[in-house]
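Undergrad: So that we are looking at the same thing, I have put the structure below in C-alpha cells.
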Amino acid sequence: MKTTTLTTLLIFALLAMSNLALAQDNLDLSVESFDADTSVQDWTTAGDAAAKPDEVTLEWAETAGVESSGAMRFGGVNADGEGGRAYIVEKVFTDIDFGGDTAVTVSVAIKSESLVGTNVFVLTDIGGSVVQRDDGIISELSDSEYTTFTFDHESISSSANSVKLQFNLAAGAEQDQGGTILVDDIMVTAASDSGGEELLTNGDFEAGDDGSWFGNALNIRTEGGNSYNFADVTSAGNAFDVNLSQGVEIAQGENYILSFDASTGSGNTRTMIAGIGLNEGAFTSATEEVTLTEETQTFTLSLRSTGFGSANSRVLFDMGADVGVVVIDNVSLKVDNSAGEDPVPETAAPTPPSRDAADVISLYSNAYDNISINQWSAPWDDSDIEDIVIEDNDTKKIIFTNFLGVDFVSSAFDASEMTHFHMDFWTPETDVTGKVFNPKWSNHAGGNGETNAFEYTYALSGDDSGTWVSVDVSIADFNAVNGSDMSAFAQFLITSNLDVAYLDNLYLYRETSTSIDDGNELPEKFTLNQNYPNPFNPTTNISYNIPNGSEVNIEVFNIQGQKVATLVNSYKTAGQHTVTFDASALASGVYTYRLQYGNEVQVRKMMLIK
C-alpha cells in the first residue's frame, strides 16, 4: 500500500544499532534516518549483492532525505549479463518490546536513481509474522521525490521481538541493467493504540448530506462508488468566505489528530487552512495551512486546543483565501493518545521566609496559617482546580478556561496594612508567547458586591516555562480600579490564557524585617535580609533596614569575587527599602551581595538557577 503522508501516532525508532529497547509503559518508537555512515554499515548484503560485491553500491548518501540530512544509497548493476540478479541488503532489529501490540505497520521512504530493466521488492517480517511484500513498487517510485510505502502486519505473534527488513533490486538478464535507490526514514507504528475514539460522523461523506457537515462549501458528490466533498473557489477573498465545518466537542488543553485526504484541480496548486476551533465568539482556533496538488494527499495534523474548548466547537476547513477546486474525503478527528500527560513540577515551590503572623494574610501556603476559603474555583468562574502534593508540599493545579475565582465573602478581611503581594506558579507549556497570569483582588466594602479592585498584569517570558515563577510585587504596582480601599477583600481571581498552571504560596504581607534562616545574629543598627525568592531565576528582591538616613551602597559579586552589579549607590532615608536584582545576563551559580551603610557592612549569599 502506498501513501504520501504516513499517519503515525506511536512511532518507534529502528536505531542505527541492531538492538532496540522500548519502554513498556510508553510506546514511543522512532526512525532509522541514516544521518551517519555507521548506520549504513550495520546493514548486510545477501544474494548477488554478497556474491558479486563489485556490482553493488552500499553507502551513506549525503543528500537531502525525508527527515534527515542523508539516506542509504543501495544499488546493483548486472555487469556480465549472465542472468537475473537479486541484489539484496537487509537488517534484523532484535530485542524489541512491542508492548503487547498485535498489529503493526512498517513504513519506508524510497527514491529511485535511474532504474533500468529492474524491479524493487521490499520484505518486512515482524518476528515470524506473515511476510509482507510489494512486488510492484517500481511503478510508484520517483527520481525527484521520496515516496512513503507502508506494509501492514495485522496479526503478529505475542512473542514477537524482532523486525527484519530487506530491499531487493532484481536486475533483468541484460547486461548493464539495474540501478540505485535511496532509502530513508524506516518507521514502525503500533496499530492497537493509534488514537482515541473517532469524534466525527460521516467523515467519509458516504452518508451524503446527513446534517453533520455545514458551511457554504458543503457539496457532497458521489463518483465511482465513492463520496467526497467538492468545492470550486473562483475568486480569492477573506478567511471563511468559503468554508466547511462539522460541530464537535473540544476539551481545552487536549491534543488532537486531524487527518483527511485532499486535492485540487488538474495542473493546479493551492493552499487551504484546516484545524479545530470554537464555533462561537471569539472563534479561537488551532489550524495549519496545507498545500494541495492534483495528486490526492493524506494530511495528518497534530493540534492542541490551547486557550479554548467547549461543547460548541468544530473541525474546520477554510478555503476562501485561494482559488481552485478543493476535494476533501476521509476526514477523521481523534484525541492524540500518544502525546502523553503534561509534565508536572518535580520540585516544590520555593519556601517563603519566616514572618510574624500579624504581617501575613495567606490564602494558600504551607509556610503560614491560611484564612478560611469558602470556595476554590467558585461557581461563577469557568476553570477547575485540583489539590496535589509535590515533595510533601500542598499545591493547587489549575485547569484554566479563562479565569479562576476564589471566594471568601463570608470572611472578607481588611488588607489595608499589607504592602506586598506574592504568588508562585509553574506551567508546563513550552510556548508562552502572549501568555499572561494576572491576579486581581476584589474589595466589597459594605458587603454588596465589588466596590473597587486591584489588578496586576504578569506577562510570561520564555524563561517562565517549566520553572517556578515567583511574583513578588508591591501593592502599589497593582492597578487600582475605582479607588484604593483595601478594607474588605472578599474575592481573589486569576485570569490566564494558559491551559494548566500550578499555584502555591499565595499571600499578602507587610514588608518588615524578616528572620534569617541561617541563624546569624544581625547588627542592631541595620539589617540586610535574605533575598527572596532564593534560589531565583532571573529576578529576586533584596530588602534592608536602616535606622538613619545615610549613603547606602549594595553591590553583587560572583564566586571569584568580581563585581557584577551595583544595585544601590545613593542616599536613603531611614526605614525599610527593597531593591530588585535582575540576573538575566548572568550564568547560574552562587553570588554574594554586600551592603555598606556608613562604616558597617553586611554580606549574604544567593543562588541563581537557570
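Order determines the names: the first chain of the C-alpha cells is A, the second B, and so forth; residues in each chain are numbered 1 upward, and ligands are numbered 1 upward as they are shown.
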What's around Ala378 of chain A at 8 Å? Count only C-alpha atoms, leave out sequence neighbours fewer than 4 positions away in its own chain, and write the answer as JSON, numbers by chain.
TA: {"A": [404, 405, 406, 407]}
Undergrad: Considering only C-alpha atoms, return as a PyMOL selection string whatever protein or nucleic-acid residues lie within 8 Å of Gly466 of chain A, sequence-local ones (same chain, fewer than 3 positions apart) excluded.
TA: chain A and resi 345+426-430
Undergrad: Suppose you want the space between atom CA of Phe413 of chain A and atom CA of Tyr507 of chain A; what is it in Å?
TA: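 A separation of 12.6 Å between them.
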Undergrad: Tell me which of A:Glu198, A:Asp381, A:Glu346, A:Asp318 sits closest to Lys334 of chain A, counting only C-alpha atoms.
TA: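 Of the candidates, the smallest distance to Lys334 of chain A is held by A:Glu198.
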Undergrad: For Ala357 of chain A, please output as a ChimeraX atom specification all residues within 12 Å (counting only C-alpha atoms; exclusion window: fewer than 6 positions along the same chain).
TA: /A:367-371,507-510,512,514
Undergrad: So which one's closest to Ser227 of chain A, A:Ser212, A:Asn330, A:Ser310, A:Ser496? Using only C-alpha atoms, please.
TA: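 Selected residue with least distance to Ser227 of chain A: A:Asn330.
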Undergrad: Any idea what the distance is between atom CA of Lys164 of chain A and atom CA of Val108 of chain A?
TA: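 These atoms are spaced 12.8 Å apart.
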Undergrad: What does the structure give for the distance between atom CA of Ile475 of chain A and atom CA of Asn497 of chain A, in Å to one decimal?
TA: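 It comes out at 23.3 Å.
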Undergrad: Name all residues at most 6 Å from Val163 of chain A (count only C-alpha atoms; drop same-chain ones fewer than 3 positions away) and give them as a PDB file with C-alpha atoms, in the first residue's frame.
TA:
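Saved result, selection-v6.pdb, follows:
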ATOM      1  CA  VAL A  92      17.354  -7.594  11.554  1.00  0.00           C
ATOM      2  CA  PHE A  93      16.485  -5.489  14.600  1.00  0.00           C
ATOM      3  CA  ASP A 125       8.948  -9.611   8.726  1.00  0.00           C
ATOM      4  CA  ILE A 126       7.797  -8.928  12.305  1.00  0.00           C
ATOM      5  CA  GLY A 127       9.131 -11.748  14.448  1.00  0.00           C
TER       6      GLY A 127
END
Undergrad: Glu450 of chain A: which residues within 9 Å, counting only C-alpha atoms, same-chain residues fewer than 5 positions away excluded, as a list in words?
TA: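 Residues meeting the cut-off are Ser442, Asn443, His444, Ala445, Ala490 and Gln491 of chain A.
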Undergrad: Create the file for the chosen residues now, containing N, CA, C and O atoms and written as a PDB file, in the first residue's frame.
TA:
ATOM      1  N   SER A 442     -10.574  41.650  44.752  1.00  0.00           N
ATOM      2  CA  SER A 442     -11.878  42.315  44.663  1.00  0.00           C
ATOM      3  C   SER A 442     -12.304  42.777  46.050  1.00  0.00           C
ATOM      4  O   SER A 442     -12.435  41.965  46.975  1.00  0.00           O
ATOM      5  N   ASN A 443     -12.512  44.096  46.216  1.00  0.00           N
ATOM      6  CA  ASN A 443     -12.902  44.682  47.500  1.00  0.00           C
ATOM      7  C   ASN A 443     -14.416  44.901  47.535  1.00  0.00           C
ATOM      8  O   ASN A 443     -14.998  45.431  46.584  1.00  0.00           O
ATOM      9  N   HIS A 444     -15.066  44.439  48.591  1.00  0.00           N
ATOM     10  CA  HIS A 444     -16.525  44.507  48.715  1.00  0.00           C
ATOM     11  C   HIS A 444     -16.906  45.329  49.947  1.00  0.00           C
ATOM     12  O   HIS A 444     -17.494  44.824  50.896  1.00  0.00           O
ATOM     13  N   ALA A 445     -16.569  46.597  49.976  1.00  0.00           N
ATOM     14  CA  ALA A 445     -16.911  47.440  51.116  1.00  0.00           C
ATOM     15  C   ALA A 445     -18.428  47.537  51.232  1.00  0.00           C
ATOM     16  O   ALA A 445     -19.122  47.852  50.265  1.00  0.00           O
ATOM     17  N   ALA A 490     -12.766  40.403  49.457  1.00  0.00           N
ATOM     18  CA  ALA A 490     -13.734  39.307  49.556  1.00  0.00           C
ATOM     19  C   ALA A 490     -13.532  38.229  48.509  1.00  0.00           C
ATOM     20  O   ALA A 490     -14.028  37.107  48.674  1.00  0.00           O
ATOM     21  N   GLN A 491     -12.833  38.541  47.417  1.00  0.00           N
ATOM     22  CA  GLN A 491     -12.610  37.563  46.358  1.00  0.00           C
ATOM     23  C   GLN A 491     -11.226  37.785  45.749  1.00  0.00           C
ATOM     24  O   GLN A 491     -10.701  38.900  45.762  1.00  0.00           O
TER      25      GLN A 491
END
Undergrad: Report as a PyMOL selection string all protein, DNA and RNA residues lying within 10 Å of segment 269-286 of chain A, evaluated on only C-alpha atoms, omitting residues in the same chain fewer than 5 positions from it.
TA: chain A and resi 239-240+243-250+256-260+262-264+291-295+299+301-326+333
